[in-house]
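Colleague: File name target.txt; file contents compact mmCIF, C-alpha atoms; full text below.
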# COMPACT_ATOMS: atom_id res chain seq x y z
CA MET A 1 37.14 -92.94 16.15
CA LYS A 2 37.36 -89.92 13.89
CA LEU A 3 34.56 -87.38 13.83
CA LEU A 4 33.82 -88.36 10.23
CA THR A 5 32.93 -91.84 11.46
CA HIS A 6 30.95 -90.41 14.37
CA ASN A 7 28.96 -88.32 11.91
CA ILE A 8 27.63 -91.40 10.13
CA LEU A 9 27.22 -93.68 13.16
CA THR A 10 23.75 -94.31 14.54
CA SER A 11 22.36 -96.45 17.29
CA HIS A 12 20.85 -99.64 15.87
CA VAL A 13 19.29 -100.81 19.12
CA LYS A 14 15.98 -102.51 18.42
CA GLY A 15 12.99 -100.21 18.42
CA VAL A 16 15.01 -97.00 18.47
CA THR A 17 13.89 -94.43 15.90
CA LYS A 18 15.96 -91.42 16.96
CA GLY A 19 19.35 -93.05 17.38
CA TYR A 20 21.29 -90.14 15.89
CA PRO A 21 23.50 -88.40 16.69
CA LEU A 22 25.24 -90.45 19.35
CA LEU A 23 26.42 -88.38 22.28
CA ILE A 24 30.20 -88.49 22.74
CA LYS A 25 31.58 -88.84 26.25
CA ALA A 26 35.32 -88.75 25.74
CA THR A 27 38.01 -89.31 28.32
CA GLU A 28 40.90 -89.24 25.86
CA VAL A 29 41.12 -87.34 22.59
CA ARG A 30 44.05 -87.18 20.20
CA VAL A 31 44.83 -84.94 17.25
CA ASN A 32 46.77 -86.57 14.42
CA GLU A 33 48.29 -85.13 11.31
CA VAL A 34 46.51 -86.43 8.23
CA GLU A 35 47.30 -85.56 4.64
CA PHE A 36 44.91 -82.92 3.35
CA ASN A 37 42.87 -83.91 0.31
CA PRO A 38 40.60 -80.99 -0.69
CA GLN A 39 38.74 -83.11 -3.25
CA PHE A 40 37.71 -85.67 -0.65
CA VAL A 41 36.64 -83.08 1.91
CA SER A 42 34.67 -81.18 -0.69
CA ARG A 43 32.83 -84.34 -1.77
CA MET A 44 32.07 -85.42 1.79
CA ILE A 45 30.57 -82.11 2.94
CA PRO A 46 27.14 -82.58 1.29
CA LYS A 47 26.87 -85.98 2.98
CA LEU A 48 27.56 -84.68 6.47
CA GLU A 49 25.08 -83.71 9.13
CA TRP A 50 26.66 -80.33 9.72
CA SER A 51 25.03 -79.53 13.06
CA ALA A 52 26.00 -82.93 14.45
CA LEU A 53 29.60 -82.30 13.38
CA VAL A 54 29.71 -78.89 15.04
CA GLN A 55 28.08 -80.25 18.18
CA ALA A 56 30.56 -83.14 18.39
CA ALA A 57 33.60 -80.92 17.80
CA GLU A 58 32.37 -78.44 20.36
CA GLY A 59 31.77 -81.19 22.92
CA LEU A 60 35.37 -82.28 22.52
CA GLY A 61 36.68 -78.74 22.80
CA HIS A 62 37.99 -78.82 19.24
CA LEU A 63 35.54 -76.57 17.51
CA GLN A 64 38.05 -73.70 17.13
CA ASP A 65 36.92 -71.55 14.23
CA LEU A 66 34.65 -73.97 12.39
CA PRO A 67 31.47 -72.05 11.42
CA SER A 68 28.18 -73.27 12.89
CA SER A 69 26.54 -73.34 9.48
CA LEU A 70 27.87 -74.32 6.09
CA ILE A 71 29.24 -71.49 3.98
CA GLN A 72 28.37 -70.99 0.33
CA ASP A 73 30.81 -71.94 -2.39
CA TYR A 74 32.98 -74.03 -0.09
CA GLU A 75 34.48 -76.06 -2.95
CA ASN A 76 36.99 -73.39 -3.76
CA ASN A 77 37.58 -72.10 -0.28
CA GLU A 78 40.78 -73.88 0.76
CA GLU A 79 40.90 -72.26 4.16
CA PHE A 80 37.44 -73.52 4.97
CA LEU A 81 38.16 -76.98 3.61
CA ARG A 82 41.25 -77.19 5.79
CA LYS A 83 39.16 -76.39 8.87
CA VAL A 84 36.71 -79.11 7.94
CA HIS A 85 39.55 -81.54 7.24
CA ARG A 86 40.99 -80.96 10.69
CA VAL A 87 37.74 -81.62 12.50
CA LEU A 88 36.69 -84.51 10.29
CA LEU A 89 39.89 -86.52 9.96
CA GLU A 90 42.41 -85.28 12.51
CA VAL A 91 40.46 -85.20 15.76
CA GLU A 92 40.15 -88.71 17.16
CA VAL A 93 38.37 -90.05 20.24
CA ILE A 94 40.61 -92.71 21.82
CA GLU A 95 38.78 -93.57 25.04
CA GLY A 96 35.25 -92.90 26.17
CA CYS A 97 31.82 -93.95 25.05
CA LEU A 98 28.95 -93.13 22.71
CA GLN A 99 25.46 -92.79 24.12
CA CYS A 100 22.26 -93.50 22.23
CA PRO A 101 20.08 -90.37 22.54
CA GLU A 102 16.87 -92.38 22.81
CA SER A 103 17.63 -95.54 24.78
CA GLY A 104 20.58 -94.26 26.79
CA ARG A 105 22.51 -97.39 25.85
CA GLU A 106 26.26 -96.80 25.92
CA PHE A 107 28.74 -98.07 23.38
CA PRO A 108 32.28 -98.02 24.81
CA ILE A 109 35.26 -96.73 22.84
CA SER A 110 38.59 -98.37 23.53
CA ARG A 111 41.87 -97.63 21.72
CA GLY A 112 39.87 -95.60 19.24
CA VAL A 113 37.56 -98.50 18.38
CA PRO A 114 33.86 -98.13 19.25
CA ASN A 115 32.18 -101.36 20.35
CA MET A 116 28.84 -101.48 18.55
CA LEU A 117 28.02 -105.08 19.51
CA LEU A 118 24.44 -105.46 20.66
CA ASN A 119 23.34 -107.83 23.39
CA GLU A 120 20.60 -110.40 22.82
CA ASP A 121 17.97 -108.08 24.30
CA ASP A 122 18.70 -105.01 22.24
CA SER A 123 19.08 -106.50 18.76
CA MET B 1 43.99 -120.06 6.57
CA SER B 2 44.55 -123.00 8.83
CA SER B 3 44.73 -126.64 7.74
CA CYS B 4 40.94 -126.95 8.12
CA ARG B 5 39.17 -126.28 4.84
CA ARG B 6 36.19 -124.43 6.23
CA PRO B 7 37.03 -122.50 9.41
CA GLU B 8 33.44 -121.38 9.88
CA HIS B 9 32.58 -124.98 10.80
CA MET B 10 35.06 -124.93 13.66
CA ALA B 11 33.90 -121.95 15.69
CA PRO B 12 32.20 -118.55 15.46
CA PRO B 13 34.47 -115.91 13.90
CA GLU B 14 35.14 -114.03 17.13
CA VAL B 15 36.38 -117.29 18.67
CA PHE B 16 38.22 -118.67 15.64
CA TYR B 17 40.12 -115.45 15.06
CA ASN B 18 41.82 -115.37 18.43
CA GLU B 19 45.21 -113.76 19.07
CA GLU B 20 47.20 -116.68 17.67
CA GLU B 21 45.15 -117.04 14.52
CA ALA B 22 45.06 -113.28 14.02
CA LYS B 23 48.83 -113.09 14.17
CA LYS B 24 49.26 -116.06 11.82
CA TYR B 25 46.82 -114.56 9.37
CA SER B 26 48.56 -111.24 9.23
CA GLN B 27 52.14 -112.48 9.02
CA ASN B 28 51.66 -115.09 6.32
CA SER B 29 53.11 -113.49 3.20
CA ARG B 30 51.06 -115.73 0.90
CA MET B 31 47.89 -114.71 2.75
CA ILE B 32 48.82 -111.03 2.41
CA GLU B 33 49.45 -111.49 -1.30
CA ILE B 34 46.12 -113.25 -1.91
CA GLN B 35 44.14 -110.74 0.17
CA SER B 36 45.76 -107.87 -1.65
CA GLN B 37 44.95 -109.34 -5.05
CA MET B 38 41.35 -110.03 -4.10
CA SER B 39 40.98 -106.51 -2.71
CA GLU B 40 42.34 -105.11 -5.94
CA ARG B 41 39.85 -107.10 -7.97
CA ALA B 42 36.99 -106.15 -5.64
CA VAL B 43 37.81 -102.45 -5.96
CA GLU B 44 37.97 -102.87 -9.73
CA LEU B 45 34.48 -104.37 -9.66
CA LEU B 46 33.25 -101.42 -7.57
CA ASN B 47 33.60 -99.30 -10.69
CA LEU B 48 34.32 -96.11 -8.77
CA PRO B 49 34.81 -92.82 -10.61
CA GLU B 50 38.41 -92.50 -11.78
CA ASP B 51 40.96 -90.60 -9.73
CA GLN B 52 38.51 -89.69 -7.03
CA PRO B 53 39.06 -90.48 -3.37
CA CYS B 54 35.95 -92.27 -2.10
CA PHE B 55 34.46 -93.12 1.29
CA LEU B 56 34.24 -96.89 1.55
CA LEU B 57 33.08 -99.56 3.96
CA ASP B 58 35.12 -102.75 4.51
CA VAL B 59 32.94 -105.45 6.05
CA GLY B 60 34.92 -108.09 7.92
CA CYS B 61 38.04 -105.93 7.64
CA GLY B 62 40.00 -108.13 10.06
CA SER B 63 43.59 -107.03 10.49
CA GLY B 64 43.28 -104.48 7.71
CA LEU B 65 44.95 -106.31 4.83
CA SER B 66 42.23 -105.25 2.42
CA GLY B 67 41.98 -101.81 4.02
CA ASP B 68 45.66 -101.18 3.31
CA TYR B 69 44.92 -101.60 -0.38
CA LEU B 70 42.05 -99.10 -0.13
CA SER B 71 44.38 -96.59 1.51
CA GLU B 72 46.97 -97.17 -1.20
CA GLU B 73 44.35 -96.23 -3.76
CA GLY B 74 43.73 -92.98 -1.92
CA HIS B 75 40.36 -93.89 -0.43
CA VAL B 76 39.11 -93.19 3.07
CA TRP B 77 37.53 -96.23 4.66
CA VAL B 78 35.74 -97.51 7.73
CA GLY B 79 36.21 -101.17 8.66
CA MET B 80 34.00 -103.40 10.74
CA ASP B 81 34.92 -106.76 12.30
CA ILE B 82 33.65 -109.02 15.07
CA SER B 83 37.05 -110.19 16.33
CA THR B 84 38.86 -107.99 18.86
CA ALA B 85 42.06 -109.96 18.26
CA MET B 86 42.01 -109.17 14.55
CA LEU B 87 41.21 -105.50 15.18
CA ASP B 88 44.07 -105.35 17.68
CA VAL B 89 46.44 -106.51 14.95
CA ALA B 90 44.97 -103.86 12.65
CA LEU B 91 45.69 -101.22 15.31
CA GLU B 92 49.27 -102.50 15.70
CA ARG B 93 49.71 -102.32 11.95
CA GLU B 94 48.50 -98.71 12.18
CA VAL B 95 45.95 -98.96 9.41
CA GLU B 96 44.55 -95.66 8.21
CA GLY B 97 40.90 -96.58 8.30
CA ASP B 98 38.65 -96.18 11.30
CA LEU B 99 37.76 -99.47 12.92
CA ILE B 100 34.48 -100.59 14.49
CA LEU B 101 33.86 -103.68 16.59
CA GLY B 102 30.56 -105.05 15.39
CA ASP B 103 28.55 -108.00 14.14
CA MET B 104 27.39 -107.62 10.54
CA GLY B 105 24.42 -109.87 11.24
CA GLN B 106 23.11 -107.28 13.71
CA GLY B 107 22.90 -104.63 11.03
CA MET B 108 25.00 -101.73 9.82
CA PRO B 109 24.86 -98.83 12.32
CA PHE B 110 25.15 -96.07 9.72
CA ARG B 111 23.10 -93.18 8.41
CA PRO B 112 21.46 -93.71 4.99
CA GLY B 113 23.59 -92.93 1.95
CA SER B 114 26.87 -92.74 3.86
CA PHE B 115 29.21 -94.80 1.67
CA ASP B 116 30.34 -94.63 -1.96
CA GLY B 117 30.92 -98.37 -1.97
CA CYS B 118 31.50 -101.46 0.11
CA ILE B 119 33.94 -104.36 -0.16
CA SER B 120 34.15 -107.52 1.84
CA ILE B 121 36.91 -110.10 1.45
CA SER B 122 36.32 -113.65 2.66
CA ALA B 123 33.80 -112.63 5.31
CA LEU B 124 30.24 -113.24 4.16
CA GLN B 125 30.33 -117.01 4.55
CA TRP B 126 30.61 -116.53 8.32
CA LEU B 127 27.02 -115.23 8.33
CA CYS B 128 25.68 -118.47 6.91
CA ASN B 129 26.19 -120.52 10.05
CA ALA B 130 24.14 -120.31 13.20
CA ASP B 131 26.74 -119.81 15.92
CA LYS B 132 24.21 -119.26 18.67
CA LYS B 133 20.87 -120.90 19.38
CA SER B 134 19.13 -117.59 18.77
CA HIS B 135 20.75 -117.13 15.35
CA SER B 136 18.77 -117.54 12.20
CA PRO B 137 21.16 -117.22 9.24
CA PRO B 138 18.52 -116.06 6.75
CA LYS B 139 17.32 -113.39 9.19
CA ARG B 140 20.87 -112.22 9.93
CA LEU B 141 21.71 -112.15 6.24
CA TYR B 142 18.61 -110.08 5.54
CA THR B 143 19.32 -107.71 8.43
CA PHE B 144 22.84 -107.26 7.10
CA PHE B 145 21.86 -106.70 3.46
CA SER B 146 18.93 -104.40 4.16
CA THR B 147 20.90 -102.11 6.47
CA LEU B 148 23.87 -102.20 4.10
CA TYR B 149 21.58 -101.21 1.22
CA SER B 150 20.40 -98.14 3.06
CA SER B 151 23.88 -97.11 4.19
CA LEU B 152 25.09 -97.02 0.58
CA ALA B 153 24.67 -93.98 -1.65
CA ARG B 154 22.37 -94.42 -4.67
CA GLY B 155 24.30 -96.02 -7.49
CA ALA B 156 26.93 -97.45 -5.16
CA ARG B 157 28.06 -101.05 -5.31
CA ALA B 158 28.92 -103.71 -2.78
CA VAL B 159 31.40 -106.39 -3.82
CA PHE B 160 31.88 -109.53 -1.75
CA GLN B 161 34.65 -112.03 -2.37
CA ILE B 162 33.30 -115.30 -1.01
CA TYR B 163 34.11 -119.00 -0.84
CA PRO B 164 30.66 -120.55 -1.32
CA GLU B 165 30.32 -123.92 0.32
CA ASN B 166 27.54 -125.21 -1.92
CA SER B 167 24.75 -124.00 -4.16
CA GLU B 168 22.25 -123.83 -1.29
CA GLN B 169 24.46 -121.33 0.50
CA LEU B 170 24.83 -119.23 -2.65
CA GLU B 171 21.06 -119.27 -3.15
CA LEU B 172 20.46 -118.26 0.44
CA ILE B 173 22.84 -115.32 0.16
CA THR B 174 21.55 -114.07 -3.16
CA ALA B 175 17.90 -114.47 -2.12
CA GLN B 176 18.39 -112.30 0.96
CA ALA B 177 20.36 -109.72 -1.01
CA MET B 178 17.58 -109.46 -3.59
CA LYS B 179 14.95 -109.26 -0.86
CA ALA B 180 16.87 -106.32 0.57
CA GLY B 181 16.57 -104.47 -2.73
CA PHE B 182 19.94 -105.18 -4.36
CA THR B 183 20.33 -106.15 -8.01
CA GLY B 184 23.41 -107.73 -9.51
CA GLY B 185 24.89 -111.19 -9.58
CA MET B 186 27.90 -113.41 -9.28
CA VAL B 187 31.11 -112.74 -11.18
CA VAL B 188 33.36 -115.78 -11.44
CA ASP B 189 37.03 -115.35 -12.32
CA TYR B 190 38.92 -118.25 -13.94
CA PRO B 191 35.95 -120.63 -13.78
CA ASN B 192 37.94 -123.50 -15.26
CA SER B 193 40.82 -123.46 -12.80
CA SER B 194 40.04 -125.02 -9.45
CA LYS B 195 43.05 -123.23 -7.96
CA ALA B 196 42.50 -119.75 -9.39
CA LYS B 197 38.70 -119.72 -9.37
CA LYS B 198 37.29 -116.80 -7.38
CA PHE B 199 33.72 -115.77 -6.66
CA PHE B 200 32.68 -112.14 -6.34
CA LEU B 201 29.11 -111.26 -5.44
CA CYS B 202 28.57 -107.92 -7.14
CA LEU B 203 25.55 -105.96 -5.85
CA PHE B 204 24.09 -102.67 -7.08
CA ALA B 205 22.23 -100.31 -4.78
CA GLY B 206 19.52 -98.26 -6.41
CA VAL B 207 20.44 -98.59 -10.08
CA SER B 208 20.67 -101.62 -12.30
CA GLY B 209 24.11 -102.01 -13.73
CA VAL B 210 25.74 -104.25 -16.28
CA LEU B 211 27.42 -107.15 -14.51
CA PRO B 212 31.17 -107.10 -15.19
CA LYS B 213 32.74 -110.03 -17.04
CA GLY B 214 34.72 -112.59 -15.09
CA LEU B 215 38.42 -112.97 -15.83
CA GLY B 216 39.82 -115.92 -17.75
CA SER B 217 36.99 -115.96 -20.24
CA GLU B 218 38.87 -117.27 -23.29
CA THR B 219 36.51 -120.26 -23.15
CA VAL B 220 33.60 -118.07 -24.23
CA ASP B 221 33.39 -119.82 -27.62
CA ARG B 222 32.93 -123.15 -25.89
CA GLY B 223 29.80 -121.72 -24.37
CA VAL B 224 31.06 -121.75 -20.81
CA SER B 225 29.66 -118.67 -19.18
CA ASN B 226 31.44 -117.15 -16.25
CA GLN B 227 28.73 -114.73 -15.37
CA ALA B 228 25.70 -115.77 -13.42
CA GLN B 229 22.79 -113.43 -12.87
CA PHE B 230 20.44 -114.19 -10.03
CA THR B 231 17.90 -115.86 -12.30
CA GLY B 232 18.72 -118.96 -14.31
CA GLN B 233 21.83 -119.65 -12.31
CA ARG B 234 23.01 -123.27 -12.43
CA SER B 235 25.58 -124.41 -9.94
CA ARG B 236 26.91 -127.91 -9.73
CA PHE B 237 28.46 -127.92 -6.31
CA LYS B 238 28.54 -130.89 -4.07
CA ASN B 239 26.85 -130.47 -0.74
CA MET B 240 28.46 -130.68 2.68
CA LYS B 241 28.59 -134.48 2.74
CA GLY B 242 30.48 -134.54 -0.55
CA LYS B 243 27.49 -135.89 -2.37
CA SER B 244 25.96 -134.26 -5.43
CA VAL B 245 22.79 -132.28 -5.07
CA LYS B 246 19.88 -134.69 -5.61
CA LYS B 247 18.44 -134.89 -9.12
CA SER B 248 21.20 -132.77 -10.61
CA LYS B 249 23.06 -133.95 -13.70
CA ASP B 250 26.02 -135.03 -11.55
CA TRP B 251 23.70 -137.09 -9.39
CA ILE B 252 22.08 -138.72 -12.42
CA MET B 253 25.46 -139.62 -13.93
CA GLU B 254 26.67 -141.05 -10.66
CA LYS B 255 23.51 -143.08 -10.21
CA LYS B 256 23.81 -144.54 -13.69
CA GLU B 257 27.44 -145.45 -13.01
CA ARG B 258 26.43 -147.12 -9.77
CA ARG B 259 23.76 -149.20 -11.53
CA ARG B 260 26.27 -150.20 -14.23
CA ARG B 261 28.64 -151.41 -11.54
CA GLN B 262 25.78 -153.39 -10.10
CA GLY B 263 25.45 -155.05 -13.48
CA LYS B 264 22.06 -153.56 -14.25
CA ASP B 265 20.90 -152.59 -17.67
CA VAL B 266 21.54 -148.86 -18.12
CA ARG B 267 20.96 -146.63 -21.15
CA ALA B 268 24.04 -145.21 -22.79
CA ASP B 269 24.99 -141.65 -21.91
CA THR B 270 24.20 -139.14 -24.59
CA LYS B 271 24.23 -135.37 -24.77
CA TYR B 272 20.61 -135.50 -23.59
CA THR B 273 21.45 -137.26 -20.34
CA GLY B 274 20.39 -135.25 -17.32
CA ARG B 275 19.47 -132.28 -19.46
CA GLN B 276 16.82 -129.95 -18.09
CA ARG B 277 13.47 -130.70 -19.70
CA ARG B 278 10.90 -128.10 -20.71
CA PRO B 279 8.15 -127.70 -18.08
CA ARG B 280 5.55 -129.65 -20.10
CA PHE B 281 7.68 -132.83 -20.18
As structure tokens, please, write out the structure in this file.
Modeller:
Amino acid sequence: MKLLTHNILTSHVKGVTKGYPLLIKATEVRVNEVEFNPQFVSRMIPKLEWSALVQAAEGLGHLQDLPSSLIQDYENNEEFLRKVHRVLLEVEVIEGCLQCPESGREFPISRGVPNMLLNEDDS
Amino acid sequence: MSSCRRPEHMAPPEVFYNEEEAKKYSQNSRMIEIQSQMSERAVELLNLPEDQPCFLLDVGCGSGLSGDYLSEEGHVWVGMDISTAMLDVALEREVEGDLILGDMGQGMPFRPGSFDGCISISALQWLCNADKKSHSPPKRLYTFFSTLYSSLARGARAVFQIYPENSEQLELITAQAMKAGFTGGMVVDYPNSSKAKKFFLCLFAGVSGVLPKGLGSETVDRGVSNQAQFTGQRSRFKNMKGKSVKKSKDWIMEKKERRRRQGKDVRADTKYTGRQRRPRF
């Protein structure tokens, strides 16, 4: 699960109103090399919850030099876009779980795939 | 697909797509070809801005055959599927998209406005059957469509390639999609070829769009439409038992034929036979 995916994932347990962001408890993290596309990163930035991204990266120990708040005029700042690209698309959680901040319900992650299946009682 | 014509009648998807079936599905070169073509057409119908990498959702992504096409086009995608066996094959095939194990009938677990578009190849019909006692297909369809609607950006589209079983199923699907706020309709490619005919449910989130034309429309001058908006749609499918829908034109023609065979006195068939009357008739 890449941090881009984590940034858009919420808990859809029945009755939960504050199911975002999911807390990451990772036991295995991997960093891949992914082709850098500045156009894509630039377009995604306005859609991201920046604080959730920073929090997630920090929790995984991969924050490095990503700023805690969005900088101005990022579209033309290649260095900044590369930092965002790394955190968004190259850091991947392989094993662990995601925890709903409100209900405490845990969604396991196995081989990089989060299991978002709900049981009968929480859907 | 296997020798059975409608796999969703055999078992729920997470059971049907076991390891064996998943492997078969992903190694069959004809299957790969068809899936790739349908994905290409679905992406075309998404009408995404040219030369721009987009963030897309693939519902019922399976082993990633459709996702591979999305990657080829330079898009970043997230796929969701209910079968662990199929997702395992996707992982083995090292697809580029992120995969999620989930049930579309339980709702899309995403923040509002996340995706630029959504495609789904041969998956939606699985939602139309109640696989568990607690399942209500209309409710699951509505849960799916309403959460999908919110997870799409304004102006985004969702395109579903489906194999509709009968007109009731089509009506059920489109009714729930409309209820969830979508506009749009059905695009039918090659309506006159039983082999090539393909159905794409094309939904718009937030803005009304012009429904794209179906392919193979050289029969336009014969008045055969291959577009069907949600209202005024006429389908002449047979139902599950292979019988025509009651009171439809097919049913009327068949009944007349039956009575002729029985030797009864039956009016000749004209162009007015079985035609829809005006409400005051």
Colleague: Please check the contacts: residues of chain A at most 8 Å away from chain B, using all atoms listed in the file, listed as a PyMOL selection string.
Modeller: chain A and resi 1-2+5+8-12+39-40+47+112-118+123
Colleague: At a cut-off of 12 Å, using all atoms listed in the file, what residues contact Asn77 of chain A? Leave out same-chain residues fewer than 4 positions from it and give the result as a list of chain:residue names.
Modeller: A:Pro38, A:Gln39, A:Val41, A:Ser42, A:Leu70, A:Ile71, A:Gln72, A:Asp73, A:Leu81, A:Arg82, A:Lys83, A:Val84
Colleague: Tell me, in Å to one decimal, how far atom CA of His62 of chain A is from atom CA of Arg43 of chain A.
Modeller: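 Interatomic distance here is 22.3 Å.
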Colleague: Considering only C-alpha atoms, return as number ranges by chain whatever protein or nucleic-acid residues lie within 10 Å of Pro12 of chain B, sequence-local ones (same chain, fewer than 2 positions apart) excluded.
Modeller: B: 7-10, 14-17, 82-83, 126-127, 129-132
Colleague: Considering only C-alpha atoms, state which residue in the set B:Ser39, B:Ser29, B:Thr183, B:Ser66 is at the smallest distance from Ala90 of chain B.
Modeller: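 Distance minimum relative to Ala90 of chain B lands on B:Ser66.
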Colleague: To one decimal place in Å, what is the distance between atom CA of Val93 of chain A and atom CA of Glu73 of chain B?
Modeller: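 Taking atom CA of Val93 of chain A and atom CA of Glu73 of chain B, their separation equals 25.5 Å.
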Colleague: Near segment 21-26 of chain A, counting only C-alpha atoms, which residues have an atom at most 12 Å away, once you skip same-chain residues fewer than 5 positions from it, shown as a ChimeraX atom specification?
Modeller: /A:1-3,5-13,48-61,91-112,114,116 /B:109-111
Colleague: Can you measure atom CA of Lys24 of chain B to atom CA of Leu124 of chain B for me? One decimal in Å is fine.
Modeller: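 For atom CA of Lys24 of chain B relative to atom CA of Leu124 of chain B, the distance reads 20.7 Å.
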Colleague: Assuming 3 Å of padding per side, give the centre and edge lengths of the axis-aligned box around every listed atom of segment 40-43 of chain A, in Å to one decimal and as AutoDock Vina command-line options.
Modeller:
--center_x 35.3 --center_y -83.4 --center_z 0.1 --size_x 10.9 --size_y 10.5 --size_z 9.7
Colleague: So, with all atoms listed in the file as the atoms that count, which of B:Tyr163, B:Leu56, B:Pro13, B:Gln35 lies closest to Val188 of chain B?
Modeller: B:Tyr163
Colleague: Select, counting only C-alpha atoms, all protein, DNA and RNA residues no farther than 9 Å from (15.4, -111.7, 2.3) in file coordinates, and express the selection as a PyMOL selection string.
Modeller: chain B and resi 138-139+141-143+145-146+172-181
Colleague: Take segment 35-50 of chain B, model N, CA, C and O atoms, and hand the result over as a PDB file, in the frame of the given file.
Modeller:
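Generated output (selection.pdb):
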ATOM      1  N   GLN B  35      45.107-111.749  -0.287  1.00  0.00           N
ATOM      2  CA  GLN B  35      44.140-110.740   0.170  1.00  0.00           C
ATOM      3  C   GLN B  35      44.271-109.460  -0.631  1.00  0.00           C
ATOM      4  O   GLN B  35      43.274-108.835  -1.005  1.00  0.00           O
ATOM      5  N   SER B  36      45.513-109.091  -0.906  1.00  0.00           N
ATOM      6  CA  SER B  36      45.760-107.870  -1.650  1.00  0.00           C
ATOM      7  C   SER B  36      45.219-107.978  -3.073  1.00  0.00           C
ATOM      8  O   SER B  36      44.570-107.052  -3.573  1.00  0.00           O
ATOM      9  N   GLN B  37      45.445-109.125  -3.686  1.00  0.00           N
ATOM     10  CA  GLN B  37      44.950-109.340  -5.050  1.00  0.00           C
ATOM     11  C   GLN B  37      43.436-109.312  -5.097  1.00  0.00           C
ATOM     12  O   GLN B  37      42.837-108.714  -5.991  1.00  0.00           O
ATOM     13  N   MET B  38      42.812-109.979  -4.118  1.00  0.00           N
ATOM     14  CA  MET B  38      41.350-110.030  -4.100  1.00  0.00           C
ATOM     15  C   MET B  38      40.764-108.655  -3.822  1.00  0.00           C
ATOM     16  O   MET B  38      39.725-108.285  -4.380  1.00  0.00           O
ATOM     17  N   SER B  39      41.443-107.871  -2.992  1.00  0.00           N
ATOM     18  CA  SER B  39      40.980-106.510  -2.710  1.00  0.00           C
ATOM     19  C   SER B  39      41.066-105.665  -3.962  1.00  0.00           C
ATOM     20  O   SER B  39      40.155-104.881  -4.263  1.00  0.00           O
ATOM     21  N   GLU B  40      42.157-105.869  -4.707  1.00  0.00           N
ATOM     22  CA  GLU B  40      42.340-105.110  -5.940  1.00  0.00           C
ATOM     23  C   GLU B  40      41.218-105.414  -6.927  1.00  0.00           C
ATOM     24  O   GLU B  40      40.642-104.515  -7.527  1.00  0.00           O
ATOM     25  N   ARG B  41      40.912-106.685  -7.060  1.00  0.00           N
ATOM     26  CA  ARG B  41      39.850-107.100  -7.970  1.00  0.00           C
ATOM     27  C   ARG B  41      38.494-106.585  -7.505  1.00  0.00           C
ATOM     28  O   ARG B  41      37.679-106.127  -8.300  1.00  0.00           O
ATOM     29  N   ALA B  42      38.259-106.631  -6.194  1.00  0.00           N
ATOM     30  CA  ALA B  42      36.990-106.150  -5.640  1.00  0.00           C
ATOM     31  C   ALA B  42      36.811-104.663  -5.906  1.00  0.00           C
ATOM     32  O   ALA B  42      35.733-104.207  -6.297  1.00  0.00           O
ATOM     33  N   VAL B  43      37.884-103.898  -5.718  1.00  0.00           N
ATOM     34  CA  VAL B  43      37.810-102.450  -5.960  1.00  0.00           C
ATOM     35  C   VAL B  43      37.566-102.188  -7.446  1.00  0.00           C
ATOM     36  O   VAL B  43      36.807-101.291  -7.809  1.00  0.00           O
ATOM     37  N   GLU B  44      38.190-103.000  -8.291  1.00  0.00           N
ATOM     38  CA  GLU B  44      37.970-102.870  -9.730  1.00  0.00           C
ATOM     39  C   GLU B  44      36.496-103.060 -10.056  1.00  0.00           C
ATOM     40  O   GLU B  44      35.907-102.305 -10.828  1.00  0.00           O
ATOM     41  N   LEU B  45      35.887-104.065  -9.420  1.00  0.00           N
ATOM     42  CA  LEU B  45      34.480-104.370  -9.660  1.00  0.00           C
ATOM     43  C   LEU B  45      33.545-103.313  -9.082  1.00  0.00           C
ATOM     44  O   LEU B  45      32.384-103.214  -9.461  1.00  0.00           O
ATOM     45  N   LEU B  46      34.065-102.488  -8.150  1.00  0.00           N
ATOM     46  CA  LEU B  46      33.250-101.420  -7.570  1.00  0.00           C
ATOM     47  C   LEU B  46      32.952-100.337  -8.599  1.00  0.00           C
ATOM     48  O   LEU B  46      32.006 -99.564  -8.444  1.00  0.00           O
ATOM     49  N   ASN B  47      33.811-100.266  -9.608  1.00  0.00           N
ATOM     50  CA  ASN B  47      33.600 -99.300 -10.690  1.00  0.00           C
ATOM     51  C   ASN B  47      33.456 -97.874 -10.172  1.00  0.00           C
ATOM     52  O   ASN B  47      32.504 -97.155 -10.533  1.00  0.00           O
ATOM     53  N   LEU B  48      34.375 -97.465  -9.326  1.00  0.00           N
ATOM     54  CA  LEU B  48      34.320 -96.110  -8.770  1.00  0.00           C
ATOM     55  C   LEU B  48      34.780 -95.107  -9.806  1.00  0.00           C
ATOM     56  O   LEU B  48      35.522 -95.450 -10.718  1.00  0.00           O
ATOM     57  N   PRO B  49      34.333 -93.846  -9.672  1.00  0.00           N
ATOM     58  CA  PRO B  49      34.810 -92.820 -10.610  1.00  0.00           C
ATOM     59  C   PRO B  49      36.331 -92.707 -10.537  1.00  0.00           C
ATOM     60  O   PRO B  49      36.917 -92.809  -9.462  1.00  0.00           O
ATOM     61  N   GLU B  50      36.942 -92.502 -11.715  1.00  0.00           N
ATOM     62  CA  GLU B  50      38.410 -92.500 -11.780  1.00  0.00           C
ATOM     63  C   GLU B  50      39.030 -91.353 -11.017  1.00  0.00           C
ATOM     64  O   GLU B  50      38.528 -90.237 -11.040  1.00  0.00           O
TER      65      GLU B  50
END
